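Engineer: Structure provided below as structure tokens; questions to follow.
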Amino acid sequence: MHGRVKIKSTAQQEEEKKKEREKKLKIYVAARDACFSKRKEGILDEEGIQLTQQLLSSNPDFATLWNYRREILTHLETVREEDAVQKIYEAELSFLESCLKVNPKSYGSWHHRGWVSTRLPRPNWARELSLCDLCLSQDDRNFHCWDYRRMVVKMSGVPVDQELQFTDRLIGSNFSNYSSWHYRSTLLPLLHPESPEPPEPCRRTRHASPPPSPQTHSHRVCEEQLLKEYELVQNAFFTDPNDQSAWFYYRWLLGRAEREEMISCVYVSREEERVAVAFSGPVNPKSVGLLLVLDGMPQRVEWRSVHPRFKHSPVWICDLPPGTISDLNNEHNITVHWTEKHRHRDCALYTGRTESWCRDSATDQELFRSELSVEKTSVLQSELQSCNQLQELEPLNKWCLLTIILLMRALDPLGYEKETLAHFQTLKEVDSMRCAYYGDLCSKFMIENTILKMEYAEVRVFSISDKNLTTLCHLDQLLLVTHINLSSNQLLRLPPQLAMLQCLEVLEADNNSIQDLDGLYHLPRLEEVVLKNNKIAKLADLQPLASCPKLTRLDLRGNPVTQTANIQSELAELLPSVTDLLL
């Protein structure tokens, strides 16, 4: 046994490690308590700097200590000369580099570095850019570093084209660098903005549309540069078709132009003495300034959302004082002013008419295809051809299939409807984990197509039965609809947005799985509701119907609620206006 090194047992080693950890913890807690005590007493001195440095070196995500450290540094600025402050902050930057070595994605360290860099009397931005380059070379998805780099670029005035070349280098070395693709999308509109186009003629309406807002501007890229970007990104996804980074960037290139902000429809009802206004997007009249003028006289009305859940909504309603417009022998002119956007829309209520409306007869391009840019058809057709070629090589590539669907929507949503449905079915099979997402997206497109067909026919009936719908959307487009048929789909609920259908008289929603009727709220004209073969289980589920004053016919056959004892008498109490009840 002589001459052999004595090896400690595992138990002994663990015991020693435990004692060492306890010792370090004791020192750490003592230093922490000392910092808290000094801060509470308002002591801002060099010892506080040393104590916080000791603690943050091992745990750089202690936000309270960074706050205390900034308080001390701010105080030192007031009592030291500029050169001394420069040295203090340079030392601080060196200390921060050691913290970033401990945790390169430390929120506290990057935030503090940004704070220090902006307070340096003589900042060295070139050094900060070099640090960013180093960190991104080690982890090109370090979003803290990307945020910091953007701040450095802004403060130091780095040219946009130089940063674009930086993204070229990173993407060239790694097509999967999502952060670089994203950064590129923020730079291109600055360097290659889309040329402003002259305003197009107003769309066909009963009254002329207001001129475009002077604030309207585009974040799009000029077509010449777009063609180069298409080529770049195609190289990426043809190289690695399953990498999502290039596909996301490609979808951005195809564009997401917002609809023009406008009053899209004004509806007036004599019977309810009510005005309903639909906007191109959610608004709050209290914040945007909405003024109703009747026959040249401003009216003091209270605008309210169609559903109490909506503080911002595309549809708002107001009631006029009793007797204001109820006389059929009188003609009235109503104007709604959107003061914030300098927009207005007129609506004439003629004698003998019980209702009137004024709305845009918007094209499919304006309603829905604005989600993709209005490029020349030949360009989008060329992109579709390229994706189809890739799909022949990679028939089960989900990114390629989804992009083909989007391109088809941009080119001709109705013409490509059959192919779109087939691609969605393939997507659900090859990417079953996202089957629900594809179902919702397909439902959205089917609803858009149905609305477009309505626009062309100018009808007030919306029928979309037996389409496997899983969700309802674009309901703000259906303000004027009187009859809606949602039967034989896969709907689980009638969402609050359904309350936007202020003219609705008949609702058919047989053969779904509906349990929630939240959207049937204060629909003033609703007379008939058919809900056969759904999953309405409780009387409380039918409560929203009590707010519909004209409801006379209700069909609940095939719902669990019909098995409830005394259901007929309870329904009679809940819905006294219903005279035709089918259970």
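Note on naming: chains are A, B, ... as they come in the structure tokens, residues start from 1 per chain, ligands start from 1 in the order shown.
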Please give the complete set of residues from stretch 400-534 of chain A that DSSP, run on the backbone, assigns to alpha helix (DSSP H), formatted as a ChimeraX atom specification.

Structural biologist: /A:400-411,417-430,435-457

Engineer: If you run DSSP on the backbone here, which positions in stretch 336-481 of chain A get strand (DSSP E)? Please write them as an mmCIF file with N, CA and C atoms, in the first residue's frame.

Structural biologist:
```
data_model
loop_
_atom_site.group_PDB
_atom_site.id
_atom_site.type_symbol
_atom_site.label_atom_id
_atom_site.label_comp_id
_atom_site.auth_asym_id
_atom_site.auth_seq_id
_atom_site.Cartn_x
_atom_site.Cartn_y
_atom_site.Cartn_z
ATOM 1 N N VAL A 336 -71.059 60.271 -42.187
ATOM 2 C CA VAL A 336 -70.188 59.861 -41.083
ATOM 3 C C VAL A 336 -68.791 60.381 -41.381
ATOM 4 N N HIS A 337 -68.251 61.187 -40.475
ATOM 5 C CA HIS A 337 -66.909 61.756 -40.624
ATOM 6 C C HIS A 337 -65.929 61.012 -39.715
ATOM 7 N N TRP A 338 -64.850 60.557 -40.303
ATOM 8 C CA TRP A 338 -63.733 59.965 -39.548
ATOM 9 C C TRP A 338 -62.679 61.059 -39.467
ATOM 10 N N ARG A 343 -61.570 61.413 -43.438
ATOM 11 C CA ARG A 343 -62.404 60.638 -44.346
ATOM 12 C C ARG A 343 -63.866 60.836 -43.976
ATOM 13 N N HIS A 344 -64.739 60.617 -44.944
ATOM 14 C CA HIS A 344 -66.169 60.656 -44.644
ATOM 15 C C HIS A 344 -66.895 59.774 -45.643
ATOM 16 N N ARG A 345 -68.120 59.388 -45.304
ATOM 17 C CA ARG A 345 -68.965 58.647 -46.244
ATOM 18 C C ARG A 345 -70.407 59.099 -46.061
ATOM 19 N N ASP A 346 -71.074 59.343 -47.200
ATOM 20 C CA ASP A 346 -72.456 59.806 -47.206
ATOM 21 C C ASP A 346 -73.403 58.643 -47.470
ATOM 22 N N CYS A 347 -74.607 58.763 -46.952
ATOM 23 C CA CYS A 347 -75.631 57.758 -47.205
ATOM 24 C C CYS A 347 -76.994 58.459 -47.258
ATOM 25 N N ALA A 348 -77.731 58.233 -48.329
ATOM 26 C CA ALA A 348 -79.046 58.865 -48.503
ATOM 27 C C ALA A 348 -80.142 57.863 -48.150
ATOM 28 N N LEU A 349 -81.084 58.282 -47.297
ATOM 29 C CA LEU A 349 -82.241 57.461 -46.933
ATOM 30 C C LEU A 349 -83.462 58.071 -47.614
ATOM 31 N N GLU A 355 -84.609 51.140 -45.173
ATOM 32 C CA GLU A 355 -83.181 51.042 -44.886
ATOM 33 C C GLU A 355 -82.391 51.537 -46.086
ATOM 34 N N SER A 356 -81.128 51.834 -45.847
ATOM 35 C CA SER A 356 -80.260 52.278 -46.934
ATOM 36 C C SER A 356 -78.813 52.036 -46.519
ATOM 37 N N TRP A 357 -77.960 51.931 -47.507
ATOM 38 C CA TRP A 357 -76.533 51.766 -47.206
ATOM 39 C C TRP A 357 -75.685 52.326 -48.338
ATOM 40 N N CYS A 358 -74.469 52.599 -48.015
ATOM 41 C CA CYS A 358 -73.479 53.044 -48.991
ATOM 42 C C CYS A 358 -72.190 52.304 -48.683
ATOM 43 N N ARG A 359 -71.687 51.585 -49.655
ATOM 44 C CA ARG A 359 -70.464 50.814 -49.425
ATOM 45 C C ARG A 359 -69.659 50.743 -50.693
ATOM 46 N N VAL A 461 -77.204 37.146 -49.267
ATOM 47 C CA VAL A 461 -77.256 35.797 -48.714
ATOM 48 C C VAL A 461 -75.845 35.223 -48.730
ATOM 49 N N PHE A 462 -75.426 34.692 -47.598
ATOM 50 C CA PHE A 462 -74.080 34.119 -47.476
ATOM 51 C C PHE A 462 -74.229 32.639 -47.165
ATOM 52 N N SER A 463 -73.898 31.790 -48.131
ATOM 53 C CA SER A 463 -74.055 30.348 -47.956
ATOM 54 C C SER A 463 -72.719 29.661 -48.153
#
```

Engineer: Near A:Arg39, counting only C-alpha atoms, which residues have an atom at most 12 Å away, once you skip same-chain residues fewer than 5 positions from it, shown as JSON, numbers by chain?

Structural biologist: {"A": [32, 33, 34, 44, 45, 47, 48, 49, 51, 52, 64, 65, 66, 67, 68, 69, 70, 71, 72]}

Engineer: I want to know what sits within 6 Å of stretch 283-286 of chain A, based on only C-alpha atoms, with residues of the same chain fewer than 4 positions away left out; could you give that as a ChimeraX atom specification?

Structural biologist: /A:290,312-313

Engineer: Store the residues of this selection in a file with all heavy atoms, as a short mmCIF file (atom, residue, chain, number, x, y, z; two decimals), in the first residue's frame.

Structural biologist:
```cif
data_model
loop_
_atom_site.label_atom_id
_atom_site.label_comp_id
_atom_site.auth_asym_id
_atom_site.auth_seq_id
_atom_site.Cartn_x
_atom_site.Cartn_y
_atom_site.Cartn_z
N LEU A 290 -65.23 60.22 -34.32
CA LEU A 290 -66.27 59.84 -35.27
C LEU A 290 -67.44 60.81 -35.08
O LEU A 290 -67.94 60.96 -33.97
CB LEU A 290 -66.71 58.39 -35.01
CG LEU A 290 -67.31 57.64 -36.21
CD1 LEU A 290 -66.32 57.59 -37.36
CD2 LEU A 290 -67.69 56.23 -35.78
N HIS A 312 -61.96 47.57 -29.53
CA HIS A 312 -61.62 47.96 -30.90
C HIS A 312 -62.32 46.99 -31.83
O HIS A 312 -62.18 45.78 -31.69
CB HIS A 312 -60.10 47.92 -31.12
CG HIS A 312 -59.35 48.99 -30.41
ND1 HIS A 312 -59.09 48.92 -29.07
CD2 HIS A 312 -58.84 50.17 -30.85
CE1 HIS A 312 -58.43 50.01 -28.70
NE2 HIS A 312 -58.27 50.78 -29.76
N SER A 313 -63.08 47.53 -32.77
CA SER A 313 -63.88 46.69 -33.64
C SER A 313 -64.00 47.34 -35.01
O SER A 313 -63.98 48.58 -35.12
CB SER A 313 -65.27 46.48 -33.04
OG SER A 313 -66.14 45.83 -33.94
#
```

Engineer: Just want the 10 Å neighbourhood of A:Leu494, counted on only C-alpha atoms, with same-chain residues fewer than 5 positions away dropped. Output as a PDB file with N, CA, C and O atoms, in the first residue's frame.

Structural biologist:
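Below is the file that was written, out11.pdb:
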```
ATOM      1  N   THR A 471     -63.380  27.508 -38.619  1.00  0.00           N
ATOM      2  CA  THR A 471     -63.411  28.824 -37.979  1.00  0.00           C
ATOM      3  C   THR A 471     -64.143  29.804 -38.878  1.00  0.00           C
ATOM      4  O   THR A 471     -64.305  29.564 -40.079  1.00  0.00           O
ATOM      5  N   LEU A 472     -64.589  30.914 -38.296  1.00  0.00           N
ATOM      6  CA  LEU A 472     -65.259  31.973 -39.046  1.00  0.00           C
ATOM      7  C   LEU A 472     -64.411  33.238 -38.983  1.00  0.00           C
ATOM      8  O   LEU A 472     -63.884  33.592 -37.926  1.00  0.00           O
ATOM      9  N   ALA A 499     -71.711  39.096 -34.136  1.00  0.00           N
ATOM     10  CA  ALA A 499     -72.587  40.218 -33.782  1.00  0.00           C
ATOM     11  C   ALA A 499     -72.449  41.379 -34.763  1.00  0.00           C
ATOM     12  O   ALA A 499     -73.244  42.325 -34.726  1.00  0.00           O
ATOM     13  N   ALA A 509     -77.277  26.737 -39.049  1.00  0.00           N
ATOM     14  CA  ALA A 509     -75.978  26.165 -38.678  1.00  0.00           C
ATOM     15  C   ALA A 509     -76.149  24.717 -38.236  1.00  0.00           C
ATOM     16  O   ALA A 509     -75.570  24.281 -37.242  1.00  0.00           O
ATOM     17  N   ILE A 514     -71.361  22.887 -32.530  1.00  0.00           N
ATOM     18  CA  ILE A 514     -71.447  24.177 -31.838  1.00  0.00           C
ATOM     19  C   ILE A 514     -71.929  23.989 -30.395  1.00  0.00           C
ATOM     20  O   ILE A 514     -72.918  23.321 -30.139  1.00  0.00           O
ATOM     21  N   GLN A 515     -71.176  24.618 -29.478  1.00  0.00           N
ATOM     22  CA  GLN A 515     -71.552  24.642 -28.067  1.00  0.00           C
ATOM     23  C   GLN A 515     -71.740  26.067 -27.558  1.00  0.00           C
ATOM     24  O   GLN A 515     -72.393  26.284 -26.540  1.00  0.00           O
ATOM     25  N   ASP A 516     -71.123  27.025 -28.254  1.00  0.00           N
ATOM     26  CA  ASP A 516     -71.059  28.415 -27.783  1.00  0.00           C
ATOM     27  C   ASP A 516     -71.773  29.322 -28.785  1.00  0.00           C
ATOM     28  O   ASP A 516     -71.430  29.349 -29.965  1.00  0.00           O
ATOM     29  N   LEU A 517     -72.774  30.077 -28.305  1.00  0.00           N
ATOM     30  CA  LEU A 517     -73.541  30.990 -29.159  1.00  0.00           C
ATOM     31  C   LEU A 517     -73.230  32.448 -28.839  1.00  0.00           C
ATOM     32  O   LEU A 517     -74.067  33.325 -29.010  1.00  0.00           O
ATOM     33  N   ASP A 518     -72.021  32.724 -28.401  1.00  0.00           N
ATOM     34  CA  ASP A 518     -71.664  34.057 -27.914  1.00  0.00           C
ATOM     35  C   ASP A 518     -71.920  35.146 -28.958  1.00  0.00           C
ATOM     36  O   ASP A 518     -72.221  36.293 -28.620  1.00  0.00           O
ATOM     37  N   GLY A 519     -71.798  34.809 -30.250  1.00  0.00           N
ATOM     38  CA  GLY A 519     -71.949  35.820 -31.290  1.00  0.00           C
ATOM     39  C   GLY A 519     -73.385  36.235 -31.567  1.00  0.00           C
ATOM     40  O   GLY A 519     -73.621  37.242 -32.245  1.00  0.00           O
ATOM     41  N   LEU A 520     -74.360  35.474 -31.048  1.00  0.00           N
ATOM     42  CA  LEU A 520     -75.770  35.843 -31.268  1.00  0.00           C
ATOM     43  C   LEU A 520     -76.195  36.845 -30.200  1.00  0.00           C
ATOM     44  O   LEU A 520     -77.056  36.596 -29.371  1.00  0.00           O
TER      45      LEU A 520
END
```

Engineer: One decimal, in Å: what's the spacing between atom CA of A:Ser98 and atom CA of A:Gln53?

Structural biologist: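 For atom CA of A:Ser98 relative to atom CA of A:Gln53, the distance reads 10.5 Å.
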
Engineer: Fewer than 2 positions away in the same chain doesn't count, so skip those; otherwise give me all residues within 10 Å of A:Tyr230, counting only C-alpha atoms, as a list in words.

Structural biologist: Gln225, Leu226, Leu227, Lys228, Leu232, Val233, Gln234, Asn235, Ala236, Tyr249, Tyr250, Leu253, Leu254, Val379 and Glu383 of chain A

Engineer: What would the file look like if the residues just selected were written as a tab-separated table (two decimals), in the first residue's frame with all heavy atoms?

Structural biologist:
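To be explicit, this is the file written out as out18.tsv:
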```tsv
chain	number	residue	atom	x	y	z
A	225	GLN	N	-35.25	45.47	-57.41
A	225	GLN	CA	-34.56	44.80	-56.33
A	225	GLN	C	-35.29	43.53	-55.91
A	225	GLN	O	-34.67	42.53	-55.55
A	225	GLN	CB	-34.43	45.74	-55.12
A	225	GLN	CG	-33.64	45.18	-53.96
A	225	GLN	CD	-32.19	44.90	-54.31
A	225	GLN	OE1	-31.60	45.58	-55.15
A	225	GLN	NE2	-31.61	43.87	-53.69
A	226	LEU	N	-36.63	43.57	-55.99
A	226	LEU	CA	-37.40	42.38	-55.64
A	226	LEU	C	-37.00	41.19	-56.51
A	226	LEU	O	-36.87	40.06	-56.03
A	226	LEU	CB	-38.90	42.65	-55.80
A	226	LEU	CG	-39.65	43.18	-54.58
A	226	LEU	CD1	-41.11	43.41	-54.95
A	226	LEU	CD2	-39.54	42.24	-53.40
A	227	LEU	N	-36.81	41.43	-57.80
A	227	LEU	CA	-36.44	40.34	-58.70
A	227	LEU	C	-35.09	39.74	-58.29
A	227	LEU	O	-34.89	38.52	-58.35
A	227	LEU	CB	-36.38	40.85	-60.14
A	227	LEU	CG	-37.73	41.31	-60.73
A	227	LEU	CD1	-37.54	41.90	-62.12
A	227	LEU	CD2	-38.71	40.16	-60.78
A	228	LYS	N	-34.16	40.58	-57.85
A	228	LYS	CA	-32.86	40.07	-57.37
A	228	LYS	C	-33.03	39.26	-56.09
A	228	LYS	O	-32.38	38.23	-55.91
A	228	LYS	CB	-31.90	41.24	-57.12
A	228	LYS	CG	-31.53	42.02	-58.36
A	228	LYS	CD	-30.61	43.19	-58.01
A	228	LYS	CE	-30.27	44.03	-59.25
A	228	LYS	NZ	-29.43	45.21	-58.91
A	232	LEU	N	-32.14	35.34	-55.11
A	232	LEU	CA	-31.34	34.97	-53.95
A	232	LEU	C	-32.04	33.94	-53.09
A	232	LEU	O	-31.46	32.91	-52.69
A	232	LEU	CB	-31.04	36.23	-53.11
A	232	LEU	CG	-30.37	35.99	-51.75
A	232	LEU	CD1	-28.97	35.43	-51.93
A	232	LEU	CD2	-30.34	37.29	-50.94
A	233	VAL	N	-33.30	34.18	-52.80
A	233	VAL	CA	-34.02	33.30	-51.89
A	233	VAL	C	-34.33	31.97	-52.57
A	233	VAL	O	-34.38	30.91	-51.92
A	233	VAL	CB	-35.29	34.00	-51.36
A	233	VAL	CG1	-36.42	33.98	-52.37
A	233	VAL	CG2	-35.76	33.38	-50.06
A	234	GLN	N	-34.52	31.97	-53.88
A	234	GLN	CA	-34.72	30.70	-54.58
A	234	GLN	C	-33.47	29.83	-54.51
A	234	GLN	O	-33.57	28.61	-54.35
A	234	GLN	CB	-35.11	30.96	-56.04
A	234	GLN	CG	-36.56	31.37	-56.23
A	234	GLN	CD	-36.91	31.61	-57.68
A	234	GLN	OE1	-36.23	31.14	-58.58
A	234	GLN	NE2	-37.99	32.35	-57.91
A	235	ASN	N	-32.31	30.45	-54.60
A	235	ASN	CA	-31.07	29.69	-54.43
A	235	ASN	C	-31.05	29.01	-53.07
A	235	ASN	O	-30.58	27.87	-52.93
A	235	ASN	CB	-29.85	30.61	-54.56
A	235	ASN	CG	-29.62	31.07	-55.98
A	235	ASN	OD1	-30.05	30.40	-56.92
A	235	ASN	ND2	-28.96	32.20	-56.15
A	236	ALA	N	-31.58	29.72	-52.07
A	236	ALA	CA	-31.57	29.18	-50.71
A	236	ALA	C	-32.51	27.99	-50.59
A	236	ALA	O	-32.13	26.93	-50.09
A	236	ALA	CB	-31.95	30.27	-49.71
A	249	TYR	N	-38.73	34.43	-45.37
A	249	TYR	CA	-38.29	35.65	-46.04
A	249	TYR	C	-38.99	35.79	-47.40
A	249	TYR	O	-39.40	36.89	-47.80
A	249	TYR	CB	-36.78	35.62	-46.24
A	249	TYR	CG	-36.20	36.86	-46.89
A	249	TYR	CD1	-36.23	38.08	-46.23
A	249	TYR	CD2	-35.64	36.81	-48.16
A	249	TYR	CE1	-35.70	39.22	-46.81
A	249	TYR	CE2	-35.11	37.94	-48.76
A	249	TYR	CZ	-35.15	39.14	-48.08
A	249	TYR	OH	-34.63	40.27	-48.67
A	250	TYR	N	-39.16	34.68	-48.08
A	250	TYR	CA	-39.83	34.69	-49.38
A	250	TYR	C	-41.26	35.19	-49.25
A	250	TYR	O	-41.75	35.97	-50.06
A	250	TYR	CB	-39.81	33.27	-49.96
A	250	TYR	CG	-40.31	33.15	-51.38
A	250	TYR	CD1	-39.81	33.96	-52.40
A	250	TYR	CD2	-41.28	32.21	-51.72
A	250	TYR	CE1	-40.25	33.84	-53.70
A	250	TYR	CE2	-41.73	32.08	-53.02
A	250	TYR	CZ	-41.21	32.90	-54.01
A	250	TYR	OH	-41.65	32.78	-55.30
A	253	LEU	N	-41.19	38.83	-48.97
A	253	LEU	CA	-40.97	39.45	-50.27
A	253	LEU	C	-42.26	39.54	-51.07
A	253	LEU	O	-42.51	40.52	-51.78
A	253	LEU	CB	-39.94	38.66	-51.09
A	253	LEU	CG	-38.47	38.78	-50.68
A	253	LEU	CD1	-37.62	37.82	-51.50
A	253	LEU	CD2	-37.96	40.19	-50.83
A	254	LEU	N	-43.07	38.51	-50.98
A	254	LEU	CA	-44.34	38.52	-51.70
A	254	LEU	C	-45.26	39.61	-51.17
A	254	LEU	O	-46.19	40.03	-51.84
A	254	LEU	CB	-45.02	37.15	-51.59
A	254	LEU	CG	-44.30	36.02	-52.34
A	254	LEU	CD1	-44.96	34.70	-52.04
A	254	LEU	CD2	-44.31	36.29	-53.84
A	379	VAL	N	-44.75	38.40	-63.08
A	379	VAL	CA	-43.74	38.12	-62.05
A	379	VAL	C	-44.24	37.04	-61.10
A	379	VAL	O	-43.54	36.06	-60.81
A	379	VAL	CB	-43.40	39.41	-61.26
A	379	VAL	CG1	-42.46	39.09	-60.11
A	379	VAL	CG2	-42.78	40.44	-62.18
A	383	GLU	N	-42.90	33.19	-60.40
A	383	GLU	CA	-42.58	32.64	-59.09
A	383	GLU	C	-43.36	31.35	-58.84
A	383	GLU	O	-42.84	30.38	-58.29
A	383	GLU	CB	-42.90	33.66	-58.00
A	383	GLU	CG	-42.02	34.89	-58.03
A	383	GLU	CD	-40.54	34.56	-57.98
A	383	GLU	OE1	-40.13	33.84	-57.04
A	383	GLU	OE2	-39.80	34.99	-58.88
```
